[in-house]
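Undergrad: I have a structure here, written as structure tokens, and I will follow up with some questions on it.
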Amino acid sequence: MSSGTLSAADGSPGFADLVEHRSIVVCCGSGGVGKTTTAAAVALMAAERGRRAVVVTIDPAKRLADALGLRGGLSNELRRIEGPWPGELWATMLDTKATFDALVRRHAGDPGQAERILGNRFYQNISGALSGTQEYMAAEKLYELHTECGFDLVVVDTPPTRDALEFLDAPARLTRFLDHRLYRVLTTPTRLYLKAMNVAAQAFLRTASRVVGGEVIGDAIAFFQAFDGMEAGFRTRAAHVIELLRAPETAYVLVTSPRRDAIDEAEFFANELRATGRSVAALVVNRVHPRFGTGTAADADASADGATGPVVAGWRNLAELRRVAEREAAQLAGLRAGIGSAPTTQVPLLAADVHDLEGLRVVARELAAPAG
Amino acid sequence: MDPLQFFTASRLLVVAGKGGVGKTTVTAALARAAADLGLRVLVLGVDGKETLSLLLGGTGPLGDVEVTCATGLGPDGCGEIRARLVRAGHALSQYLDDHGLRRLTGRLLRHGVLDIVATAAPGIDDLLVLGRIKQLETSGVADLLLLDAPAAGHAVTFLQSARGLLDAVTAGPVRTQAEEVSALLSDPARCQVVLVTLPEETPVNEVIDTAYALEDRVGIALGPVVVNGLYPELGHLERLTTGADPEVLDPDVLAAARFRLERTAIQRQQLARLAEALPLPQLPLPLVFTAAIGPEEIAELAGRLRDGIAAVATA
């Protein structure tokens, strides 16, 4: 288990505890399960408990702004949300390119080097559109907010599950990328002592050029040459970020809905976390169908068989809804068995999406309720 | 519209939708709907999701090698469902083999060069996958190719890769590949998209955004929108809850009826909003109330899809 502050198998008061004591909460799960809303509710809970909390979204959609009831939307600037709580609630949206640019400026030896890199087409490709970069920059942003901005709690929502793993892996991937033989090969023209390798390098480049075209490779070479000398700084920073993502103060909250595909993704993610020596600190199940009464679907069907008139439809409806609830419970049982003693919170299917702080407080109250 | 006509109008159908909307279920149901009409269907996945093959009647996760999931379907028993994965690494080997560069394959893959190349020209791994799909489309290995596109916002990025590379790469095999894939995606006689959503606020907003992004940025033809997970309307419930004395009812029956009415009211509202924002035909699919979803439920949903297609007015 990653931390001693969490309660044991009895469940409560696990979730509130996590909000009060951890310093990073990473919300992960597949798309469409209410991750962004959950992340915002966690930050709100922390503010209500007197902490200085910030929620970061890396989803370019307006969902976080929506959930917080912010009309003007969000940018990568920190924005404070005022409210009747003793702590502070802040929100921001990740701007991948701006974060990467700042990182380049931070590590560049001189302004000229920074400008050469920022103007390079290959750099613009990786800093803008490339998958994996976004995840790495999210980790970087999280580190910055945690270490430099004085927040007690940083809450982040991640992209859909499989990418969330990239999020965990991204800083390490950058390091591997810099260690890659091709990188070494590409930078050899500036390393005279490695001149002997140039023959192999040229063969390699010819091969790559045949596949993607010469100019793409040319851009890449120019980038790596401009980048030369900066990799040590990047690598040290990446190591710190990796360390933070592995630290016990970082909690991974798995968010899912009771749908089969979302649960499959959640199980996949729980396994991956376990495989990398981390664990799920809490499970949040959104959009759970209510259970009507204590009987089973079969009971309701039996009552329908024995009834006449319009009430038959009423019993059939009860049977159908109980069957959905039974299926959801059965599917969740497998997932819960796989996450050990982590507390589980079920948030019922709400009539409308969350569009203001009032709606968010409803979710926060559900999260704080003792585990189901 | 005649369902057979719908499924043969273009050889490639791309199923796209955000996570959690049941895209995989819908892909399986579309495959079954077409196979039940006697078509040979090849389902293409881009990741190793186990559920897709199980829903199709197969066993275990999809792999790079094609597997047959169901045969003997349709009026003359010719209908069949096969499935496989299309992945960048595998597609690259295939591409190099086909271009007489077999010797390079192992070396490139072994050194992780694909990662680097993909970094140098973003979208190239997606293009490799699409290029392979284009090859399958032209080769006539199946009457219908159904692509279970990547979930979340990645569907647009994925399909956009060809256009993006047309701007970045001006010559060479990648350029040719990008041109050919672009031609496939923008030709409504060869390819169209089926969008999937749920009758709820956020999924409806997202499918509207995705539809416009696909049209503007990929130029792909938009087919119908599948609205998944609908509560069937139960006429008698209204009368139960508004009757003279609803309190004589079992409290669970009453609470369940009120819940159902609330949900159906929300979904009517969302369907109307969707219809107003997106002038595309809607194919309704009911929420499945059984304990689990397997090939049997998929066959049932396939029937609903054919009914929905038949009900669409031909333009």
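We label chains A, B, ... in the order they appear in the structure tokens, count residues from 1 in each chain, and number ligands from 1 in the order shown.
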Apply DSSP to the structure's backbone, then extract all residues of region 222-369 of chain A labelled helix (DSSP H, G or I) and return them as an NGL selection string.
TA: :A and (222-227 or 231-246 or 260-275 or 297-305 or 311-337 or 357-368)
Undergrad: As an NGL selection string, please: the residues near Gly34 (chain A) (cut-off 9 Å, only C-alpha atoms, same-chain neighbours under 6 positions excluded).
TA: :A and (255-257 or 286-287)
Undergrad: Applying 7 Å and only C-alpha atoms, which residues near Gln282 (chain B) remain after dropping the ones on its own chain fewer than 3 positions away? List them as a ChimeraX atom specification.
TA: /B:224-227
Undergrad: Could you write those residues out with all heavy atoms, as a PDB file, in the first residue's frame?
TA:
```pdb
ATOM      1  N   PRO B 224     -25.196   8.068 -40.691  1.00  0.00           N
ATOM      2  CA  PRO B 224     -26.112   8.294 -39.578  1.00  0.00           C
ATOM      3  C   PRO B 224     -25.405   8.325 -38.219  1.00  0.00           C
ATOM      4  O   PRO B 224     -24.269   7.886 -38.099  1.00  0.00           O
ATOM      5  CB  PRO B 224     -27.049   7.088 -39.648  1.00  0.00           C
ATOM      6  CG  PRO B 224     -26.314   6.060 -40.436  1.00  0.00           C
ATOM      7  CD  PRO B 224     -25.374   6.771 -41.341  1.00  0.00           C
ATOM      8  N   VAL B 225     -26.097   8.866 -37.215  1.00  0.00           N
ATOM      9  CA  VAL B 225     -25.600   8.856 -35.840  1.00  0.00           C
ATOM     10  C   VAL B 225     -26.342   7.752 -35.092  1.00  0.00           C
ATOM     11  O   VAL B 225     -27.577   7.738 -35.074  1.00  0.00           O
ATOM     12  CB  VAL B 225     -25.897  10.191 -35.120  1.00  0.00           C
ATOM     13  CG1 VAL B 225     -25.331  10.170 -33.708  1.00  0.00           C
ATOM     14  CG2 VAL B 225     -25.339  11.358 -35.896  1.00  0.00           C
ATOM     15  N   VAL B 226     -25.607   6.843 -34.485  1.00  0.00           N
ATOM     16  CA  VAL B 226     -26.247   5.826 -33.663  1.00  0.00           C
ATOM     17  C   VAL B 226     -26.416   6.391 -32.259  1.00  0.00           C
ATOM     18  O   VAL B 226     -25.441   6.818 -31.636  1.00  0.00           O
ATOM     19  CB  VAL B 226     -25.412   4.529 -33.606  1.00  0.00           C
ATOM     20  CG1 VAL B 226     -26.039   3.517 -32.659  1.00  0.00           C
ATOM     21  CG2 VAL B 226     -25.261   3.931 -34.998  1.00  0.00           C
ATOM     22  N   VAL B 227     -27.656   6.438 -31.785  1.00  0.00           N
ATOM     23  CA  VAL B 227     -27.897   6.889 -30.418  1.00  0.00           C
ATOM     24  C   VAL B 227     -28.105   5.631 -29.581  1.00  0.00           C
ATOM     25  O   VAL B 227     -29.103   4.934 -29.716  1.00  0.00           O
ATOM     26  CB  VAL B 227     -29.109   7.824 -30.325  1.00  0.00           C
ATOM     27  CG1 VAL B 227     -29.243   8.352 -28.904  1.00  0.00           C
ATOM     28  CG2 VAL B 227     -28.976   8.968 -31.301  1.00  0.00           C
TER      29      VAL B 227
END
```
Undergrad: For Gly72 (chain B), please output as a compact mmCIF listing (two decimals) with N, CA, C and O atoms, in the first residue's frame all residues within 9 Å (counting only C-alpha atoms; exclusion window: fewer than 3 positions along the same chain).
TA:
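part.txt, written as the output of this step:
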```
# COMPACT_ATOMS: atom_id res chain seq x y z
N ALA B 35 -23.57 -8.69 -41.86
CA ALA B 35 -23.35 -10.11 -42.14
C ALA B 35 -24.68 -10.85 -42.26
O ALA B 35 -24.82 -11.78 -43.07
N ASP B 36 -25.67 -10.43 -41.49
CA ASP B 36 -26.99 -11.05 -41.56
C ASP B 36 -27.66 -10.80 -42.92
O ASP B 36 -28.65 -11.45 -43.25
N GLY B 38 -25.94 -11.18 -45.60
CA GLY B 38 -25.15 -12.00 -46.52
C GLY B 38 -23.83 -11.38 -46.93
O GLY B 38 -23.17 -11.88 -47.84
N PRO B 75 -29.22 -14.77 -45.68
CA PRO B 75 -30.20 -15.62 -46.36
C PRO B 75 -29.56 -16.80 -47.09
O PRO B 75 -30.11 -17.91 -47.08
N ASP B 76 -28.41 -16.59 -47.70
CA ASP B 76 -27.78 -17.69 -48.44
C ASP B 76 -26.56 -18.26 -47.72
O ASP B 76 -25.80 -19.03 -48.30
N GLY B 77 -26.39 -17.88 -46.46
CA GLY B 77 -25.28 -18.43 -45.69
C GLY B 77 -23.90 -17.90 -46.06
O GLY B 77 -22.89 -18.43 -45.62
N CYS B 78 -23.85 -16.85 -46.88
CA CYS B 78 -22.56 -16.30 -47.31
C CYS B 78 -22.02 -15.28 -46.30
O CYS B 78 -20.85 -14.91 -46.35
N GLY B 79 -22.91 -14.78 -45.44
CA GLY B 79 -22.50 -13.73 -44.52
C GLY B 79 -21.51 -14.25 -43.51
O GLY B 79 -21.66 -15.35 -42.97
N GLU B 80 -20.48 -13.47 -43.25
CA GLU B 80 -19.49 -13.89 -42.26
C GLU B 80 -18.85 -12.67 -41.62
O GLU B 80 -18.88 -11.56 -42.17
```
Undergrad: Using only C-alpha atoms, determine which residues lie at most 9 Å from region 228-234 of chain B, disregarding the query and same-chain residues fewer than 4 positions distant; provide the list as a list of chain:residue names.
TA: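 The filter keeps A:Ala313, A:Gly314, A:Asn317, B:Val21, B:Gly22, B:Lys23, B:Val26, B:Val196, B:Thr197, B:Leu198, B:Pro199, B:Glu238, B:Arg260, B:Leu261, B:Arg263, B:Thr264, B:Gln267, B:Leu283, B:Pro284, B:Leu285, B:Pro286, B:Leu287, B:Val288.
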Undergrad: Which residues are close to Leu13 (chain B), i.e. within 7 Å by only C-alpha atoms, leaving aside same-chain residues fewer than 4 positions away? Reply as a VMD selection string.
TA: chain B and resid 145 to 147 191 to 194
Undergrad: Can you pull out every residue within 12 Å of region 364-366 of chain A, counting only C-alpha atoms, but drop anything in the same chain fewer than 3 positions away, and send it as a PyMOL selection string?
TA: chain A and resi 15-16+19+37-49+67+284-288+344-350+354+357-361+369-372
Undergrad: Write the selection just made, keeping C-alpha atoms, as an mmCIF file, in the first residue's frame?
TA:
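Contents of part.cif, freshly written:
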```cif
data_model
loop_
_atom_site.group_PDB
_atom_site.id
_atom_site.type_symbol
_atom_site.label_atom_id
_atom_site.label_comp_id
_atom_site.auth_asym_id
_atom_site.auth_seq_id
_atom_site.Cartn_x
_atom_site.Cartn_y
_atom_site.Cartn_z
ATOM 1 C CA PHE A 15 -11.948 9.464 0.555
ATOM 2 C CA ALA A 16 -12.143 12.547 2.739
ATOM 3 C CA VAL A 19 -8.437 14.877 0.132
ATOM 4 C CA THR A 37 -16.164 16.690 -12.798
ATOM 5 C CA THR A 38 -14.716 14.305 -10.218
ATOM 6 C CA ALA A 39 -11.384 16.166 -10.286
ATOM 7 C CA ALA A 40 -13.152 19.506 -9.781
ATOM 8 C CA ALA A 41 -15.194 18.061 -6.919
ATOM 9 C CA VAL A 42 -12.035 16.745 -5.220
ATOM 10 C CA ALA A 43 -10.438 20.212 -5.390
ATOM 11 C CA LEU A 44 -13.626 21.764 -4.041
ATOM 12 C CA MET A 45 -13.660 19.266 -1.145
ATOM 13 C CA ALA A 46 -10.096 20.268 -0.302
ATOM 14 C CA ALA A 47 -10.960 23.986 -0.369
ATOM 15 C CA GLU A 48 -13.912 23.282 1.901
ATOM 16 C CA ARG A 49 -11.477 21.642 4.296
ATOM 17 C CA ALA A 67 -18.296 22.023 -14.155
ATOM 18 C CA VAL A 284 -15.111 6.544 -7.854
ATOM 19 C CA VAL A 285 -17.996 5.062 -9.812
ATOM 20 C CA ASN A 286 -20.096 7.713 -11.503
ATOM 21 C CA ARG A 287 -23.500 7.395 -13.137
ATOM 22 C CA VAL A 288 -24.630 4.410 -11.085
ATOM 23 C CA THR A 344 -15.137 3.015 -3.230
ATOM 24 C CA THR A 345 -17.630 5.817 -3.731
ATOM 25 C CA GLN A 346 -20.668 5.476 -5.945
ATOM 26 C CA VAL A 347 -22.187 8.646 -7.395
ATOM 27 C CA PRO A 348 -25.710 8.105 -8.681
ATOM 28 C CA LEU A 349 -26.843 8.935 -12.199
ATOM 29 C CA LEU A 350 -27.727 12.614 -11.943
ATOM 30 C CA VAL A 354 -22.890 19.698 -13.502
ATOM 31 C CA LEU A 357 -20.683 25.120 -8.020
ATOM 32 C CA GLU A 358 -23.983 24.067 -6.498
ATOM 33 C CA GLY A 359 -24.059 20.983 -8.740
ATOM 34 C CA LEU A 360 -20.407 20.361 -7.972
ATOM 35 C CA ARG A 361 -21.111 20.469 -4.234
ATOM 36 C CA ALA A 369 -20.206 10.119 2.038
ATOM 37 C CA PRO A 370 -19.057 6.906 3.739
ATOM 38 C CA ALA A 371 -18.087 4.198 1.265
ATOM 39 C CA GLY A 372 -20.882 2.094 -0.165
#
```
